[in-house]
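Undergrad: My file is target00.cif. It has mmCIF, C-alpha atoms and all ligand atoms:
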```cif
data_coords
loop_
_atom_site.group_PDB
_atom_site.id
_atom_site.type_symbol
_atom_site.label_atom_id
_atom_site.label_comp_id
_atom_site.auth_asym_id
_atom_site.auth_seq_id
_atom_site.Cartn_x
_atom_site.Cartn_y
_atom_site.Cartn_z
ATOM 1 C CA MET A 1 18.471 23.962 -32.636
ATOM 2 C CA ALA A 2 17.278 20.355 -32.472
ATOM 3 C CA ASP A 3 20.299 19.605 -30.235
ATOM 4 C CA SER A 4 19.052 21.899 -27.480
ATOM 5 C CA CYS A 5 15.295 21.578 -28.079
ATOM 6 C CA LEU A 6 13.351 20.195 -25.089
ATOM 7 C CA PHE A 7 10.869 18.127 -27.102
ATOM 8 C CA CYS A 8 13.605 16.771 -29.418
ATOM 9 C CA LYS A 9 15.399 15.626 -26.258
ATOM 10 C CA ILE A 10 12.213 13.981 -24.945
ATOM 11 C CA ALA A 11 11.673 12.312 -28.350
ATOM 12 C CA ARG A 12 15.268 10.998 -28.241
ATOM 13 C CA ARG A 13 14.593 9.801 -24.659
ATOM 14 C CA GLU A 14 17.392 12.000 -23.280
ATOM 15 C CA ILE A 15 14.935 13.698 -20.879
ATOM 16 C CA PRO A 16 12.362 11.575 -19.043
ATOM 17 C CA ALA A 17 8.650 11.923 -19.738
ATOM 18 C CA THR A 18 5.602 9.754 -19.106
ATOM 19 C CA LEU A 19 5.059 8.208 -22.518
ATOM 20 C CA VAL A 20 1.537 7.493 -23.684
ATOM 21 C CA ALA A 21 2.115 6.419 -27.296
ATOM 22 C CA GLU A 22 4.923 6.139 -29.788
ATOM 23 C CA THR A 23 5.099 5.616 -33.556
ATOM 24 C CA GLU A 24 7.868 5.909 -36.121
ATOM 25 C CA ASP A 25 7.261 9.637 -36.568
ATOM 26 C CA CYS A 26 5.358 10.824 -33.448
ATOM 27 C CA ILE A 27 5.621 10.556 -29.681
ATOM 28 C CA ALA A 28 2.966 11.348 -27.051
ATOM 29 C CA PHE A 29 3.638 12.050 -23.385
ATOM 30 C CA ARG A 30 1.851 13.612 -20.398
ATOM 31 C CA ASP A 31 2.169 17.368 -19.881
ATOM 32 C CA ILE A 32 4.334 18.198 -16.845
ATOM 33 C CA ASN A 33 1.811 20.882 -15.776
ATOM 34 C CA PRO A 34 -1.579 19.366 -16.655
ATOM 35 C CA GLN A 35 -4.506 21.725 -17.274
ATOM 36 C CA ALA A 36 -7.088 18.912 -17.240
ATOM 37 C CA PRO A 37 -7.286 15.334 -15.867
ATOM 38 C CA VAL A 38 -6.025 14.159 -19.284
ATOM 39 C CA HIS A 39 -3.371 16.442 -20.776
ATOM 40 C CA VAL A 40 -1.145 14.794 -23.351
ATOM 41 C CA LEU A 41 1.284 16.396 -25.800
ATOM 42 C CA ILE A 42 1.605 14.805 -29.231
ATOM 43 C CA VAL A 43 4.845 15.693 -30.927
ATOM 44 C CA PRO A 44 6.476 14.893 -34.279
ATOM 45 C CA ARG A 45 9.969 13.430 -33.936
ATOM 46 C CA THR A 46 11.163 15.880 -36.607
ATOM 47 C CA HIS A 47 12.022 19.350 -35.319
ATOM 48 C CA VAL A 48 9.469 21.840 -36.676
ATOM 49 C CA PRO A 49 9.292 25.068 -34.593
ATOM 50 C CA SER A 50 5.597 25.840 -35.134
ATOM 51 C CA LEU A 51 2.669 25.310 -37.483
ATOM 52 C CA ASN A 52 3.991 28.246 -39.532
ATOM 53 C CA GLU A 53 6.975 26.139 -40.625
ATOM 54 C CA ALA A 54 5.067 22.854 -41.136
ATOM 55 C CA THR A 55 5.038 21.411 -44.663
ATOM 56 C CA ASP A 56 4.182 17.746 -44.096
ATOM 57 C CA ALA A 57 0.384 17.484 -44.307
ATOM 58 C CA ALA A 58 0.367 13.772 -43.526
ATOM 59 C CA MET A 59 2.376 14.302 -40.356
ATOM 60 C CA ILE A 60 0.004 17.062 -39.171
ATOM 61 C CA GLY A 61 -2.880 14.683 -39.831
ATOM 62 C CA ARG A 62 -1.244 11.875 -37.903
ATOM 63 C CA LEU A 63 -0.952 14.090 -34.808
ATOM 64 C CA SER A 64 -4.757 14.515 -34.815
ATOM 65 C CA LEU A 65 -5.422 10.836 -35.409
ATOM 66 C CA MET A 66 -3.072 9.913 -32.575
ATOM 67 C CA ALA A 67 -4.989 12.337 -30.322
ATOM 68 C CA ALA A 68 -8.268 10.559 -31.160
ATOM 69 C CA GLU A 69 -6.698 7.170 -30.496
ATOM 70 C CA ILE A 70 -5.362 8.274 -27.106
ATOM 71 C CA ALA A 71 -8.704 9.916 -26.221
ATOM 72 C CA LYS A 72 -10.445 6.586 -26.851
ATOM 73 C CA ARG A 73 -7.885 4.710 -24.780
ATOM 74 C CA GLU A 74 -8.146 7.229 -21.923
ATOM 75 C CA GLY A 75 -11.955 6.883 -21.928
ATOM 76 C CA ILE A 76 -12.768 10.508 -22.838
ATOM 77 C CA ALA A 77 -13.643 10.140 -26.544
ATOM 78 C CA ASP A 78 -17.419 9.923 -26.091
ATOM 79 C CA ARG A 79 -17.641 12.631 -23.406
ATOM 80 C CA GLY A 80 -15.505 14.957 -25.478
ATOM 81 C CA TYR A 81 -12.060 16.470 -25.504
ATOM 82 C CA ARG A 82 -10.165 19.355 -27.035
ATOM 83 C CA THR A 83 -7.095 19.412 -29.264
ATOM 84 C CA VAL A 84 -5.112 22.651 -29.315
ATOM 85 C CA LEU A 85 -2.111 23.731 -31.337
ATOM 86 C CA ASN A 86 -0.713 27.023 -30.008
ATOM 87 C CA THR A 87 1.267 29.053 -32.532
ATOM 88 C CA ASN A 88 3.598 31.876 -31.459
ATOM 89 C CA ALA A 89 3.297 34.527 -28.767
ATOM 90 C CA GLU A 90 -0.352 35.588 -28.783
ATOM 91 C CA ALA A 91 -1.516 31.966 -28.648
ATOM 92 C CA GLY A 92 0.806 31.293 -25.712
ATOM 93 C CA GLN A 93 3.291 28.942 -27.394
ATOM 94 C CA THR A 94 6.195 28.428 -24.982
ATOM 95 C CA VAL A 95 7.996 25.406 -26.483
ATOM 96 C CA PHE A 96 9.041 25.999 -30.079
ATOM 97 C CA HIS A 97 8.767 22.429 -31.272
ATOM 98 C CA LEU A 98 5.330 21.849 -32.804
ATOM 99 C CA HIS A 99 2.981 19.922 -30.504
ATOM 100 C CA LEU A 100 -0.717 19.139 -30.288
ATOM 101 C CA HIS A 101 -2.336 19.352 -26.851
ATOM 102 C CA LEU A 102 -4.991 16.746 -26.034
ATOM 103 C CA LEU A 103 -7.117 17.960 -23.103
ATOM 104 C CA GLY A 104 -10.080 16.216 -21.524
ATOM 105 C CA GLY A 105 -11.701 14.696 -18.491
ATOM 106 C CA ARG A 106 -13.533 17.886 -17.470
ATOM 107 C CA PRO A 107 -16.005 20.253 -19.137
ATOM 108 C CA MET A 108 -14.303 22.892 -21.298
ATOM 109 C CA THR A 109 -15.475 26.453 -21.785
ATOM 110 C CA TRP A 110 -15.581 28.481 -24.986
ATOM 111 C CA PRO A 111 -14.133 30.873 -26.010
ATOM 112 C CA PRO A 112 -10.732 29.762 -24.676
ATOM 113 C CA GLY A 113 -8.744 32.231 -22.558
HETATM 114 P P1 LIG B 1 2.762 25.516 -25.322
HETATM 115 O O1 LIG B 1 2.536 26.559 -24.271
HETATM 116 O O2 LIG B 1 4.055 25.739 -26.061
HETATM 117 O O3 LIG B 1 1.595 25.305 -26.250
HETATM 118 O O4 LIG B 1 2.870 24.140 -24.536
HETATM 119 C C1 LIG B 1 4.045 23.686 -23.950
HETATM 120 C C2 LIG B 1 3.627 22.672 -22.918
HETATM 121 O O5 LIG B 1 4.764 21.901 -22.573
HETATM 122 C C3 LIG B 1 3.093 23.283 -21.629
HETATM 123 O O6 LIG B 1 1.763 22.829 -21.401
HETATM 124 C C4 LIG B 1 4.062 22.792 -20.560
HETATM 125 O O7 LIG B 1 3.447 22.469 -19.330
HETATM 126 C C5 LIG B 1 4.698 21.578 -21.223
HETATM 127 N N1 LIG B 1 6.065 21.295 -20.788
HETATM 128 C C6 LIG B 1 7.065 22.195 -20.635
HETATM 129 N N2 LIG B 1 8.197 21.578 -20.257
HETATM 130 C C7 LIG B 1 7.891 20.257 -20.154
HETATM 131 C C8 LIG B 1 8.667 19.103 -19.799
HETATM 132 O O8 LIG B 1 9.859 19.172 -19.495
HETATM 133 N N3 LIG B 1 8.024 17.914 -19.800
HETATM 134 C C9 LIG B 1 6.695 17.787 -20.134
HETATM 135 N N4 LIG B 1 6.164 16.553 -20.087
HETATM 136 N N5 LIG B 1 5.947 18.858 -20.486
HETATM 137 C C10 LIG B 1 6.534 20.071 -20.501
HETATM 138 ZN ZN ZN B 2 12.670 20.044 -31.404
#
```
With the file now loaded, output its structure as structure tokens.
TA:
Amino acid sequence: MADSCLFCKIARREIPATLVAETEDCIAFRDINPQAPVHVLIVPRTHVPSLNEATDAAMIGRLSLMAAEIAKREGIADRGYRTVLNTNAEAGQTVFHLHLHLLGGRPMTWPPG
């Protein structure tokens, strides 16, 4: 599965992406189809299909902290931003390698669509 997984390939640098941040266990890159002026995907290097299969609490926490760090660097932290983790069909998950969306740079509405 990890061999053919799109985000595993991006993490291994086999498919190009615009990198925003990188650590030993996470990688962040710009979404190819941005839904806001800032739209970054934060991805663990380990292949985990969705939040339902996640077991590493520290890794899940690091995704959120990396989002906050990037939001500060992108200049949207004070105005506000949204982090979203879509899980399975009804939430609209399309890539089955766990990822946290960081969205900002425009006002957001609630509830989400
Ligand atoms: P999901 O719908 O699974 O929560 O989010 C998947 C996201 O990955 C979508 O926002 C989509 O635009 C993005 N995406 C899909 N393929 C690629 C790609 O090849 N490169 C990048 N940078 N983003 C991608
Ligand atoms: Zn993967």
Undergrad: With all atoms listed in the file counted, collect every polymer residue having an atom within 12 Å of ligand ZN 2 (chain B); state the result as a PDB file with C-alpha atoms, keeping the file's coordinate frame.
TA:
```pdb
ATOM      1  CA  MET A   1      18.471  23.962 -32.636  1.00  0.00           C
ATOM      2  CA  ALA A   2      17.278  20.355 -32.472  1.00  0.00           C
ATOM      3  CA  ASP A   3      20.299  19.605 -30.235  1.00  0.00           C
ATOM      4  CA  SER A   4      19.052  21.899 -27.480  1.00  0.00           C
ATOM      5  CA  CYS A   5      15.295  21.578 -28.079  1.00  0.00           C
ATOM      6  CA  LEU A   6      13.351  20.195 -25.089  1.00  0.00           C
ATOM      7  CA  PHE A   7      10.869  18.127 -27.102  1.00  0.00           C
ATOM      8  CA  CYS A   8      13.605  16.771 -29.418  1.00  0.00           C
ATOM      9  CA  LYS A   9      15.399  15.626 -26.258  1.00  0.00           C
ATOM     10  CA  ILE A  10      12.213  13.981 -24.945  1.00  0.00           C
ATOM     11  CA  ALA A  11      11.673  12.312 -28.350  1.00  0.00           C
ATOM     12  CA  ARG A  12      15.268  10.998 -28.241  1.00  0.00           C
ATOM     13  CA  CYS A  26       5.358  10.824 -33.448  1.00  0.00           C
ATOM     14  CA  ILE A  27       5.621  10.556 -29.681  1.00  0.00           C
ATOM     15  CA  VAL A  43       4.845  15.693 -30.927  1.00  0.00           C
ATOM     16  CA  PRO A  44       6.476  14.893 -34.279  1.00  0.00           C
ATOM     17  CA  ARG A  45       9.969  13.430 -33.936  1.00  0.00           C
ATOM     18  CA  THR A  46      11.163  15.880 -36.607  1.00  0.00           C
ATOM     19  CA  HIS A  47      12.022  19.350 -35.319  1.00  0.00           C
ATOM     20  CA  VAL A  48       9.469  21.840 -36.676  1.00  0.00           C
ATOM     21  CA  PRO A  49       9.292  25.068 -34.593  1.00  0.00           C
ATOM     22  CA  SER A  50       5.597  25.840 -35.134  1.00  0.00           C
ATOM     23  CA  VAL A  95       7.996  25.406 -26.483  1.00  0.00           C
ATOM     24  CA  PHE A  96       9.041  25.999 -30.079  1.00  0.00           C
ATOM     25  CA  HIS A  97       8.767  22.429 -31.272  1.00  0.00           C
ATOM     26  CA  LEU A  98       5.330  21.849 -32.804  1.00  0.00           C
ATOM     27  CA  HIS A  99       2.981  19.922 -30.504  1.00  0.00           C
TER      28      HIS A  99
END
```
Undergrad: Please compute the atom CA of Glu14 of chain A-atom CA of Lys72 of chain A distance, one decimal, in Å.
TA: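 Going from atom CA of Glu14 of chain A over to atom CA of Lys72 of chain A, I get 28.6 Å.
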Undergrad: Can you tell me which residues surround Leu102 of chain A at a distance of at most 12 Å, considering all atoms listed in the file, apart from same-chain residues fewer than 2 positions away, and format the answer as an NGL selection string?
TA: :A and (20 or 28-31 or 34-43 or 63-72 or 74 or 76-77 or 80-86 or 99-100 or 104-105)
Undergrad: Of the residues A:Ala54, A:Ala17, A:Ala89, A:Ile60, which is the one nearest to ligand LIG 1 (chain B), using all atoms listed in the file?
TA: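 Smallest distance to ligand LIG 1 (chain B) is found for A:Ala17.
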Undergrad: Record the distance separating atom C2 of ligand LIG 1 (chain B) and atom CA of Thr94 of chain A, expressed in Å with one decimal.
TA: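 Distance reported for this atom pair: 6.6 Å.
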Undergrad: With distances taken over all atoms listed in the file, which of A:His101, A:Arg62, A:Arg79, A:Arg13 is nearest to ligand LIG 1 (chain B)?
TA: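 Smallest distance to ligand LIG 1 (chain B) is found for A:His101.
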Undergrad: Between A:Asn52, A:Thr18, A:Thr109, A:Gln93, which residue has the minimum interatomic distance to ligand LIG 1 (chain B), considering all atoms listed in the file?
TA: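 Checking each of A:Asn52, A:Thr18, A:Thr109, A:Gln93 against ligand LIG 1 (chain B), counting all atoms listed in the file, the winner is A:Gln93.
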Undergrad: Just how far from atom C5 of ligand LIG 1 (chain B) is atom CA of Ile15 of chain A, in Å to one decimal?
TA: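 Atom C5 of ligand LIG 1 (chain B) lies at a distance of 12.9 Å from atom CA of Ile15 of chain A.
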Undergrad: Rank A:Gly92, A:Pro112, A:Gly75, A:Gly61 by their smallest atom-to-atom distance to ligand LIG 1 (chain B), using all atoms listed in the file, and report the top residue only.
TA: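 The closest residue to ligand LIG 1 (chain B) is A:Gly92.
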Undergrad: Find, counting all atoms listed in the file, the residue in A:Leu51, A:Met59, A:Met108, A:Ile32 that gets nearest to ligand LIG 1 (chain B).
TA: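 Of A:Leu51, A:Met59, A:Met108, A:Ile32, the one nearest ligand LIG 1 (chain B) is A:Ile32, counting all atoms listed in the file.
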Undergrad: Of the residues A:Thr55, A:Asp78, A:Ala91, A:Ala21, which is the one nearest to ligand LIG 1 (chain B), using only C-alpha atoms and all ligand atoms?
TA: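 Among the listed residues, the smallest separation from ligand LIG 1 (chain B) belongs to A:Ala91.
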Undergrad: Return as lines of an AutoDock Vina configuration file the centre and edge lengths, in Å with one decimal, of the box along x, y and z that encloses every atom of ligand LIG 1 (chain B) in the file, padded by 5 Å per side.
TA:
```
center_x = 5.7
center_y = 21.6
center_z = -22.8
size_x = 18.3
size_y = 20.0
size_z = 16.9
```
